[in-house]
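Colleague: Before I ask anything, here is the structure I am working with.
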Amino acid sequence: MLKMMAASKGLVTHGVSSCQGCGIELIIRNVLDVLGEDTVLVIPPGCAALFSGTGPEAAVKLAGIQGNLENSAAIASGIAAGFRHQGNEHTTVCAFCGDGATVDIGLQSLSGAMERNENILYICYDNEAYMNTGIQGSSSTPLGASTTTTPAGKPVGSKDLIQIVMAHGVPYAATASVADLGDLRRKVKKAKGIKGCRVLHIHCPCPTGWGYHSSKTIELAREGVDSGAWVLMEYENGRVKLGRRPSKLGHAEDYMKLQKRFRTAVGELTAQTNERIISRYEYLEKLERLGGE
Amino acid sequence: MSMIDALTGNECVAEAVRLCRPDIIAAYPITPQSVVVELLASMVADGKLGSKVVDVESEHSSMSVVKGAAMLGKRVFTATAGQGLAYMYEPYFSMSTMRFPMVMTLACREMISPGTVWCGLQDALSVRDAGWMQVFCENNQEILDMVIQGYRIAEDHGVLIPINVCYDGFYLSHQTERVELPEPSEVDAYLPPIDLPQYLDVNEPAIVDPNTVGSFLIRYREDHLACMQHAKSVIADANREFAARFGRDWGGLLGSYRMEDADYVLVTMGATTGAARVAVDIMRERGLRMGLLKLRFMRPFPDAELADMLRGRRACAVIDRSVSFGWDRGVLSVELAAACGAHGVELPVLSFIGGLGGLDLRTEYVVRAAEMLADAPAYLKDGAYWMNEDFLGEELGK
C-alpha cells in the first residue's frame, strides 16, 4: 500500500492506473466534480473499470457497481426504479461507459432505457475502439483507422451515436470533448438538472490506441473538433443546437496525420473521410435550422 | 380463509406474485411464460399490485434491471423460459453469485435446436450449476405455494440465494386446475417483512462487484456452497410452517408416495410425477411393493436424503425429461447416481428419458417403466431407455 501524504481533491483518488495522457481521467474527474457525492455509478468492464477498481481498492469515492459489458443502461434502470420506489428523487444514477459498451454490445439495453425515458444519466466516453483489451475495433472506430482487428484500416465508417440517441426523443443529449472542459462541465451540469434519460457522448482521445504522444491529448481533441471529425452539439426538447462552427471543416487530414492509426488511410480514404464529415455537418445544420423554425 | 379457484400454472404464478408484493418487476414475455407478464401488467394497471414494473426489451435486461433494484435491497421478481433463460445467463449467474435473493419462475421449455417452444426441463437443468436454488413443481397448487415459500427461503439471512420455481411448460403453464388461493393477510403473516441488505448507499459509498482476486473469490464460493447446504434446513422449516398455516405439506427437499415398505422406487421430477403416482397405484394393485420419490429441489441437491430413502431398496427407475450430454442418461439419473455413490448406497438404477420437446410422457410409458423396474435385473444396461414412439412396441416385443 502506498502512504498517502495528502488527500486527493474531488471524487477521484490519486494515482489511478490509466495510461499517461488518457482522456478518460480528465472526463471522469470533471464529470464527478459536477455531479457530486449524491451520485451512484454504473461502470461496465473497460478502461473506466480502472476507476471502479480491483478488490477492495476503488479509485472513485462513490457508491457504484461494476456490471457486465452490455447491461449498464439496464442496471441503471433497475437502480432508478429502486430509488423511485424509495421516493428518492435526488440521487443521480450515472452509467459511465465506453463506446464498445454503448454502440456495440450495449446498444440494445441503452435503446430500451431511452425508450422508457429512464431517469438516468448515460455517459459514453468514446475512445473509438476496445482500448482496455488491446485496441480492437468497435463500431465507433472511424473509417480507415487501424486497430488490432482492422489492421489494414477499418473499411467502413462509425455509427452515429448522437443521431441514434436523438431518434429516441430523449429529453437531453449532447456531445462534448476534452478539448473544451468548460463546455463539458456546463453540459454535465445541465444534464444533471433534467429528469429522464440524458445521454452525453464525450470524445476521448487515447494516446495508446490512436498512436500519438501522450502530451498531445488536448491538442488532438481540438483538431478533431476544428476539422468537424467530432461535432459539438446539444439536443434538447427535440431541437438541435450546434456548437461553434468547425474552423477547418472538411480538412481532417490535419487531425488524421497526428495519429498512427490513420497511417494506412491516405489518399482516397482521407478524401472519403472529409466528404463524410462535410455531408454529416451539413445535415446537422439542416436539423438545427428545422428546430429554429 | 382460502378461496377456491380454477387457475392455470401461469395464473398461479401471477396470483402468488400478487400475494408476495415484490417492489420491482421486470420481465420479458416468452412462450410459454408470456401470460405471467401479461397478468402482472394487468394487475398493476388495475391497482391490484403496487409493484414498479420496468418493461424491458429483453431477458438480459430484465435480470439486469432487477439486479440494479436488488442493490437497493428491494424484493424483485422476474419470469422466463427456454431461450430467454439462455439469453439472460450472464446476469443470471451474477445474480446468484452476488447473493441477491429473489424468485424467478421458469415455465420450462426444451432447448433449441432443433426449433421448439414446447415442454422439457432442459432449460432449467442446464443451468443447475449457476448458483441458484431450483425447485420443480408437480401441479399448479405447488407452483403457487412455492413462489410464496421461495421468497421466504431465499430471503432468509442465512441463505440469501435466489430461487427458480420451475414447472413444465404447457403441461402446467396452460392447464387449468383447482387451486386454493390464500388471503393476502395469511401470506403476510407467513413471509418475513422485507429486510434485505442494501449495497448502494451514497452515505457509505463503495464500489460493488469489482474485479476480485482469486484468493477472495474462492471464499465467496465457499460461503455460497455452505449457505446452499444451510438452505436445506431452511427449506424444511419453511415447508413445515407452510403446512401448519395452509394445510399443504409438499415434503421439503423430497416428496414421497407409498414409500414405507417399497422394494422398488420410481424417481421423477415435475409434472411427470402425476403419471408416476398412477403407475405406483397400478403396480400396488398387482401386489408389487412400489413407491415413488419426487425430487423437488435440484439445488440444493438432497443427496443424503435421497440416498437414505433408497438404501435397502431392490431397485429404482429414474424418469428424466432432460438429457445430460456426454452421459447416456438424463440429468436426474446422473445426479442420483452421484448421490448414491457419495453415500454408499448400491442398487440397480434404470434410466428413462422421455417427454422431450413437448412429447407426451404418457401414463402407459411410466407404467411400462414400472413393469421393467419390477423386473430390474433383466433390464439393467448402461445408458437410458428412450421413451420415444417406439418405446412400448419395442419393449413389448422383447
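For the C-alpha cells, the naming scheme is as follows: chains receive sequential letters (A, B, ...) according to their order of presentation, residues are indexed from 1 within each chain, and ligands are indexed from 1 in presentation order.
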DSSP on the backbone: which residues in segment 24-273 of chain A end up as alpha helix (DSSP H)? Give the answer as a VMD selection string.
Modeller: chain A and resid 24 to 35 49 to 52 72 to 86 107 to 115 161 to 167 181 to 192 207 to 210 217 to 227 253 to 256 268 to 273
Colleague: If you count only C-alpha atoms, which residues fall within 8 Å of segment 188-192 of chain B, apart from same-chain ones fewer than 6 positions away, as a PyMOL selection string?
Modeller: chain B and resi 19-20+148-149+151-152+241-242+245
Colleague: Return as a ChimeraX atom specification the residues belonging to chain A that are within 10 Å of chain B, counting only C-alpha atoms.
Modeller: /A:37-45,49-68,70-86,91,108-113,115-116,118
Colleague: Using only C-alpha atoms, which of A:Met114, A:Ala265, A:Leu184, A:Ala176 sits nearest Gly224 of chain A?
Modeller: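 Between A:Met114, A:Ala265, A:Leu184, A:Ala176, the residue approaching Gly224 of chain A most closely is A:Ala176.
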Colleague: Point out the residue among A:Gly193, A:Gly144, A:Gly157, A:Gly250 with the least atom-to-atom distance to Leu269 of chain A, counting only C-alpha atoms.
Modeller: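 That would be A:Gly144, the residue with the smallest distance to Leu269 of chain A.
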Colleague: Find the residue from A:Thr270, A:Asn88, A:Asn127, A:Asn117 that sits nearest to Cys47 of chain A; use only C-alpha atoms when measuring.
Modeller: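 Once distances to Cys47 of chain A are computed over only C-alpha atoms, the minimum belongs to A:Asn127.
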